[in-house]
Each structure stands twice: as structure tokens, then as C-alpha cells.
Amino acid sequence: DQQVKQNSPSLSVQEGRISILNCDYTNSMFDYFLWYKKYPAEGPTFLISISSIKDKNEDGRFTVFLNKSAKHLSLHIVPSQPGDSAVYFCAASALGATNKLIFGTGTLLAVQP
Amino acid sequence: NAGVTQTPKFQVLKTGQSMTLQCAQDMNHEYMSWYRQDPGMGLRLIHYSVGAGITDQGEVPNGYNVSRSTTEDFPLRLLSAAPSQTSVYFCASSYSGTASTSGRAADTQYFGPGTRLTVL
């Protein structure tokens with residue numbers, strides 16, 4: 001069973017507009033969430049994270065929102081740039097199993113110039 | 001710093017052959033891990049290590065062996081390759097729980113470029 005789900009395999013947005021990537025989770029023990037970005041033929045790179053004690057974390061153009069009651073998080077990119085085109089993975093870890101990251105299946109973001 | 005390096009970049013094996021995927025990091029990270037990435041499955045944790053001499057299983061450990069004799073190296077061994085092991089393999093490393101920003105070892109991991117393995 002997929003504990004971390006990214007239901008949109010792909011997303012296309014225009015340059016300068018907002019990109020919103022979504023992620024849902026089922027395990028209520030998850031208490032730390034991350035987003036990784038991956039370009040083709042490269043390994044994933046860490047983008048931004050959020051602890052379950054917060055509902056928002058911002059880093060430049062990237063903001064992650066967490067809705068614990070809905071078990072949902074989202075990544076907002078504003079404004080979107082062509083260089084943001086990549087696969088974005090949502091990941092989560094649980095208190096008591098902090099050595100293990102559970103990843104979603106990824107969303108391919110294409111930012112059109 | 002070279003970061004996390006993986007060799008080889010590509011490998012083709014026949015069913016039943018054995019091989020070792022190499023992973024090294026020069027950041028003095030205590031935590032290292034191996035993932036496989038398959039279409040529609042995301043990244044799945046195979047094995048991880050929280051320090052030299054200590055390893056543990058992840059989500060999909062069957063068919064793989066690991067050891068950690070030094071801080072720098074964390075090789076992944078396939079003893080008898082099967083077509084189901086065709087995948088892209090990523091090695092990653094991070095600080096230990098006490099040294100990382102979040103206080104947790106596995107969170108802000110640095111990934112290598114990957115090894116694309118095909119088993120015929």
C-alpha cells in the first residue's frame with residue numbers, strides 16, 4: 001500500500017504562474033515531510049521540508065503547506081521558471097522510524113516559457 | 001568535495017550473475033542508504049546504515065546485501081541477479097540525527113547520480 005501518494009503524474013504551467021504540487025499520506029505517525037526535486041539522469045536534491053508542528057514553511061519561491069487533519073501537503077512555486085521543470089517527490093518520515101524516508105511516486109512539472 | 005559518487009553508471013547483467021554497486025561519500029556523513037527507483041513506484045528504501053558496522057533493512061531488502069566497514073563506503077551487493085532487480089539505484093548520505101538540522105538522520109539526504117541496472 002502506498003503510504004505517500006502523489007496523484008498527479010504530471011503538471012504543466014506557464015512561466016511566471018504558480019505551480020501547485022499535491023501530496024497525500026495515510027500514516028498518521030508521519031511527522032516530518034520533505035520535497036525533493038529530480039532532473040533526468042541525476043539524483044534527487046532536497047528542496048524544502050516541514051515539521052508536523054507547523055502548517056507552513058517558506059523558502060524563497062517555494063512554500064510548503066501542511067494540513068494534518070486532511071493528511072495533505074502541497075508545494076507552491078511562485079513564480080514558476082523553466083528551470084523548475086523536473087520531477088518532484090514528496091517524502092515523509094515517522095517518529096519512531098526516523099531513519100526511513102517513504103517517498104511518493106513523483107509529479108513531473110513542465111514550466112512552459 | 002565530490003559529494004556522493006556511484007559506480008558504475010550503467011550495468012547489464014544476466015540472470016543469476018552477481019555484482020556490487022559501489023557508493024562513496026566524502027562528507028563524513030554517518031547515515032547512508034540505498035534506494036531503487038522504478039516507474040510508478042517512486043523511490044523505495046533497500047538498506048540503510050547509521051554508522052560504520054551498523055546496517056538495517058528498508059522497505060525492499062530481499063535479494064540485496066550491504067556492509068559498512070568504513071564511514072565513506074556503502075556497497076550494495078546483488079548475489080544472484082533477477083529481472084525484477086532491473087531498476088535505477090541511488091545511494092544517499094546525510095548527517096546523523098544529532099548533527100542534522102532536523103535532528104533526524106534520514107531527512108536531508110544527499111543523493112548520488114544513480115546506477116542504471118538491467119538484468120536480462
# chains A, B, ... in the order shown; residues from 1 in each chain; ligands from 1
$ select_by_dssp --residues "chain A" --states "strand (DSSP E or B)" --output "MDAnalysis selection string"
chainID A and resid 4:5 10:14 19:25 30:38 45:51 56:59 62:67 72:77 86:94 97:103 107:112
$ closest_atom_pairs --of "segment 9-45 of chain B" --to "segment 86-92 of chain A" --cutoff "12 Å" --atoms "only C-alpha atoms" --output "tab-separated table"
residue	atom	partner	partner_atom	distance
B:Gln37	CA	A:Phe89	CA	11.5
B:Gly40	CA	A:Phe89	CA	11.8
B:Met41	CA	A:Phe89	CA	11.0
B:Gly42	CA	A:Phe89	CA	7.6
B:Leu43	CA	A:Phe89	CA	8.7
B:Arg44	CA	A:Ala91	CA	10.6
B:Leu45	CA	A:Ala91	CA	11.6
$ write_last_selection --atoms "N, CA, C and O atoms" --output "PDB file, in the first residue's frame"
ATOM      1  N   GLN B  37      14.606   3.083  -7.828  1.00  0.00           N
ATOM      2  CA  GLN B  37      13.516   3.857  -8.420  1.00  0.00           C
ATOM      3  C   GLN B  37      12.965   3.096  -9.608  1.00  0.00           C
ATOM      4  O   GLN B  37      13.699   2.795 -10.555  1.00  0.00           O
ATOM      5  N   GLY B  40       6.460   4.496 -11.736  1.00  0.00           N
ATOM      6  CA  GLY B  40       5.203   4.409 -10.999  1.00  0.00           C
ATOM      7  C   GLY B  40       5.342   4.012  -9.548  1.00  0.00           C
ATOM      8  O   GLY B  40       4.329   3.856  -8.854  1.00  0.00           O
ATOM      9  N   MET B  41       6.580   3.854  -9.054  1.00  0.00           N
ATOM     10  CA  MET B  41       6.774   3.385  -7.677  1.00  0.00           C
ATOM     11  C   MET B  41       7.518   4.392  -6.808  1.00  0.00           C
ATOM     12  O   MET B  41       7.654   4.187  -5.622  1.00  0.00           O
ATOM     13  N   GLY B  42       8.052   5.438  -7.383  1.00  0.00           N
ATOM     14  CA  GLY B  42       8.847   6.357  -6.581  1.00  0.00           C
ATOM     15  C   GLY B  42      10.164   5.716  -6.164  1.00  0.00           C
ATOM     16  O   GLY B  42      10.637   4.761  -6.776  1.00  0.00           O
ATOM     17  N   LEU B  43      10.749   6.242  -5.103  1.00  0.00           N
ATOM     18  CA  LEU B  43      11.987   5.677  -4.561  1.00  0.00           C
ATOM     19  C   LEU B  43      11.653   4.805  -3.361  1.00  0.00           C
ATOM     20  O   LEU B  43      10.907   5.217  -2.474  1.00  0.00           O
ATOM     21  N   ARG B  44      12.224   3.618  -3.334  1.00  0.00           N
ATOM     22  CA  ARG B  44      11.972   2.699  -2.220  1.00  0.00           C
ATOM     23  C   ARG B  44      13.291   2.356  -1.546  1.00  0.00           C
ATOM     24  O   ARG B  44      14.269   2.022  -2.210  1.00  0.00           O
ATOM     25  N   LEU B  45      13.296   2.399  -0.222  1.00  0.00           N
ATOM     26  CA  LEU B  45      14.494   2.170   0.565  1.00  0.00           C
ATOM     27  C   LEU B  45      14.827   0.685   0.602  1.00  0.00           C
ATOM     28  O   LEU B  45      13.990  -0.146   0.953  1.00  0.00           O
TER      29      LEU B  45
END
$ closest_atom_pairs --of "chain B" --to "chain A" --cutoff "9 Å" --atoms "only C-alpha atoms" --output "CSV"
residue,atom,partner,partner_atom,distance
B:Tyr31,CA,A:Asn99,CA,8.5
B:Pro39,CA,A:Thr105,CA,8.1
B:Gly40,CA,A:Thr105,CA,5.7
B:Met41,CA,A:Thr105,CA,5.2
B:Gly42,CA,A:Thr105,CA,3.8
B:Leu43,CA,A:Phe103,CA,5.7
B:Arg44,CA,A:Phe103,CA,6.9
B:Leu45,CA,A:Lys100,CA,7.4
B:Tyr48,CA,A:Asn99,CA,8.0
B:Ser49,CA,A:Asn99,CA,8.8
B:Val50,CA,A:Asn99,CA,8.0
B:Gly58,CA,A:Lys100,CA,7.1
B:Glu59,CA,A:Lys100,CA,8.7
B:Phe90,CA,A:Gly43,CA,6.8
B:Cys91,CA,A:Gly43,CA,8.6
B:Ala92,CA,A:Gly43,CA,8.8
B:Gly97,CA,A:Thr98,CA,8.6
B:Ser102,CA,A:Ser51,CA,8.6
B:Arg104,CA,A:Thr98,CA,6.0
B:Ala105,CA,A:Asn99,CA,5.8
B:Ala106,CA,A:Asn99,CA,4.9
B:Asp107,CA,A:Leu101,CA,7.0
B:Thr108,CA,A:Phe46,CA,6.2
B:Gln109,CA,A:Phe46,CA,6.9
B:Tyr110,CA,A:Thr45,CA,6.6
B:Phe111,CA,A:Gly43,CA,5.2
B:Gly112,CA,A:Gly43,CA,5.4
B:Pro113,CA,A:Gly43,CA,4.5
B:Gly114,CA,A:Gly43,CA,6.1
$ write_last_selection --atoms "N, CA, C and O atoms" --output "compact mmCIF listing (two decimals), in the first residue's frame"
# COMPACT_ATOMS: atom_id res chain seq x y z
N TYR B 31 25.11 8.66 8.17
CA TYR B 31 23.96 7.93 7.63
C TYR B 31 24.13 7.73 6.13
O TYR B 31 24.43 8.67 5.40
N PRO B 39 9.48 2.80 -12.38
CA PRO B 39 8.36 3.60 -12.92
C PRO B 39 7.09 3.38 -12.11
O PRO B 39 6.70 2.25 -11.82
N GLY B 40 6.46 4.50 -11.74
CA GLY B 40 5.20 4.41 -11.00
C GLY B 40 5.34 4.01 -9.55
O GLY B 40 4.33 3.86 -8.85
N MET B 41 6.58 3.85 -9.05
CA MET B 41 6.77 3.38 -7.68
C MET B 41 7.52 4.39 -6.81
O MET B 41 7.65 4.19 -5.62
N GLY B 42 8.05 5.44 -7.38
CA GLY B 42 8.85 6.36 -6.58
C GLY B 42 10.16 5.72 -6.16
O GLY B 42 10.64 4.76 -6.78
N LEU B 43 10.75 6.24 -5.10
CA LEU B 43 11.99 5.68 -4.56
C LEU B 43 11.65 4.81 -3.36
O LEU B 43 10.91 5.22 -2.47
N ARG B 44 12.22 3.62 -3.33
CA ARG B 44 11.97 2.70 -2.22
C ARG B 44 13.29 2.36 -1.55
O ARG B 44 14.27 2.02 -2.21
N LEU B 45 13.30 2.40 -0.22
CA LEU B 45 14.49 2.17 0.56
C LEU B 45 14.83 0.69 0.60
O LEU B 45 13.99 -0.15 0.95
N TYR B 48 19.85 0.61 4.83
CA TYR B 48 20.49 1.82 5.29
C TYR B 48 21.48 1.50 6.41
O TYR B 48 21.49 0.40 6.96
N SER B 49 22.32 2.52 6.71
CA SER B 49 23.33 2.35 7.75
C SER B 49 23.45 3.65 8.54
O SER B 49 23.51 4.73 7.95
N VAL B 50 23.48 3.54 9.85
CA VAL B 50 23.60 4.74 10.68
C VAL B 50 25.04 4.96 11.15
O VAL B 50 25.31 5.89 11.91
N GLY B 58 15.46 -1.80 4.80
CA GLY B 58 14.43 -0.84 4.47
C GLY B 58 13.16 -1.54 4.02
O GLY B 58 12.81 -2.59 4.54
N GLU B 59 12.48 -0.95 3.04
CA GLU B 59 11.20 -1.49 2.56
C GLU B 59 11.36 -2.75 1.71
O GLU B 59 10.52 -3.66 1.74
N PHE B 90 19.92 4.43 -6.40
CA PHE B 90 20.51 5.64 -5.86
C PHE B 90 21.05 5.38 -4.47
O PHE B 90 20.40 4.75 -3.63
N CYS B 91 22.25 5.89 -4.24
CA CYS B 91 22.84 5.90 -2.92
C CYS B 91 22.69 7.31 -2.36
O CYS B 91 22.72 8.29 -3.12
N ALA B 92 22.54 7.43 -1.05
CA ALA B 92 22.38 8.74 -0.43
C ALA B 92 23.08 8.75 0.91
O ALA B 92 23.34 7.71 1.52
N GLY B 97 21.51 11.85 13.26
CA GLY B 97 20.38 12.55 13.84
C GLY B 97 20.79 13.74 14.69
O GLY B 97 20.22 14.81 14.61
N SER B 102 17.31 18.88 11.33
CA SER B 102 16.02 18.47 11.90
C SER B 102 16.20 17.59 13.12
O SER B 102 15.23 17.28 13.81
N ARG B 104 17.13 14.57 12.81
CA ARG B 104 16.79 13.22 12.36
C ARG B 104 17.69 12.87 11.19
O ARG B 104 17.91 13.67 10.29
N ALA B 105 18.17 11.64 11.15
CA ALA B 105 19.23 11.26 10.23
C ALA B 105 18.80 11.23 8.77
O ALA B 105 19.53 11.67 7.90
N ALA B 106 17.62 10.72 8.48
CA ALA B 106 17.31 10.37 7.09
C ALA B 106 16.74 11.51 6.28
O ALA B 106 16.44 11.36 5.12
N ASP B 107 16.57 12.68 6.90
CA ASP B 107 15.76 13.69 6.24
C ASP B 107 16.45 14.41 5.08
O ASP B 107 16.05 14.27 3.95
N THR B 108 17.46 15.19 5.35
CA THR B 108 18.07 15.99 4.28
C THR B 108 19.21 15.19 3.66
O THR B 108 20.38 15.43 3.94
N GLN B 109 18.88 14.24 2.83
CA GLN B 109 19.88 13.35 2.26
C GLN B 109 20.46 13.91 0.97
O GLN B 109 19.76 14.55 0.19
N TYR B 110 21.72 13.62 0.74
CA TYR B 110 22.40 13.96 -0.50
C TYR B 110 22.48 12.69 -1.34
O TYR B 110 23.00 11.68 -0.87
N PHE B 111 21.98 12.78 -2.56
CA PHE B 111 21.92 11.61 -3.43
C PHE B 111 23.05 11.59 -4.45
O PHE B 111 23.50 12.63 -4.93
N GLY B 112 23.48 10.38 -4.78
CA GLY B 112 24.40 10.20 -5.88
C GLY B 112 23.66 10.26 -7.21
O GLY B 112 22.43 10.36 -7.24
N PRO B 113 24.39 10.16 -8.33
CA PRO B 113 23.77 10.30 -9.66
C PRO B 113 23.02 9.07 -10.13
O PRO B 113 22.31 9.13 -11.12
N GLY B 114 23.20 7.94 -9.45
CA GLY B 114 22.44 6.73 -9.80
C GLY B 114 23.23 5.76 -10.66
O GLY B 114 24.17 6.13 -11.37
$ atom_distance --atom1 "atom CA of Phe74 of chain B" --atom2 "atom CA of Val119 of chain B"
21.7 Å
$ atom_distance --atom1 "atom CA of Leu76 of chain B" --atom2 "atom CA of Tyr89 of chain B"
9.5 Å
$ closest_residue --among "B:Glu30, B:Arg36, B:Ser94, B:Thr55" --to "Thr71 of chain B" --atoms "only C-alpha atoms"
B:Glu30
$ atom_distance --atom1 "atom CA of Ser12 of chain A" --atom2 "atom CA of Asn27 of chain A"
29.1 Å
$ residues_around --residues "Ile20 of chain A" --least-positions-apart "4" --cutoff "10 Å" --atoms "only C-alpha atoms" --output "list in words"
Leu11, Val13, Thr63, Val64, Ser74, Leu75, His76, Ile77, Val78, Ser80 and Leu109 of chain A
$ residues_around --residues "Lys14 of chain B" --least-positions-apart "5" --cutoff "8 Å" --atoms "only C-alpha atoms" --output "PDB file with N, CA, C and O atoms, in the first residue's frame"
ATOM      1  N   ALA B  81      21.413 -12.031  -9.509  1.00  0.00           N
ATOM      2  CA  ALA B  81      20.525 -11.024 -10.104  1.00  0.00           C
ATOM      3  C   ALA B  81      19.299 -11.661 -10.757  1.00  0.00           C
ATOM      4  O   ALA B  81      19.378 -12.732 -11.372  1.00  0.00           O
ATOM      5  N   ALA B  82      18.186 -10.952 -10.628  1.00  0.00           N
ATOM      6  CA  ALA B  82      16.919 -11.373 -11.235  1.00  0.00           C
ATOM      7  C   ALA B  82      16.359 -10.219 -12.063  1.00  0.00           C
ATOM      8  O   ALA B  82      16.633  -9.047 -11.762  1.00  0.00           O
ATOM      9  N   VAL B 119      18.814  -6.321 -15.876  1.00  0.00           N
ATOM     10  CA  VAL B 119      19.062  -7.748 -15.710  1.00  0.00           C
ATOM     11  C   VAL B 119      18.263  -8.501 -16.774  1.00  0.00           C
ATOM     12  O   VAL B 119      17.033  -8.424 -16.812  1.00  0.00           O
ATOM     13  N   LEU B 120      18.974  -9.219 -17.614  1.00  0.00           N
ATOM     14  CA  LEU B 120      18.324  -9.922 -18.736  1.00  0.00           C
ATOM     15  C   LEU B 120      17.938 -11.339 -18.365  1.00  0.00           C
ATOM     16  O   LEU B 120      18.578 -11.948 -17.487  1.00  0.00           O
TER      17      LEU B 120
END
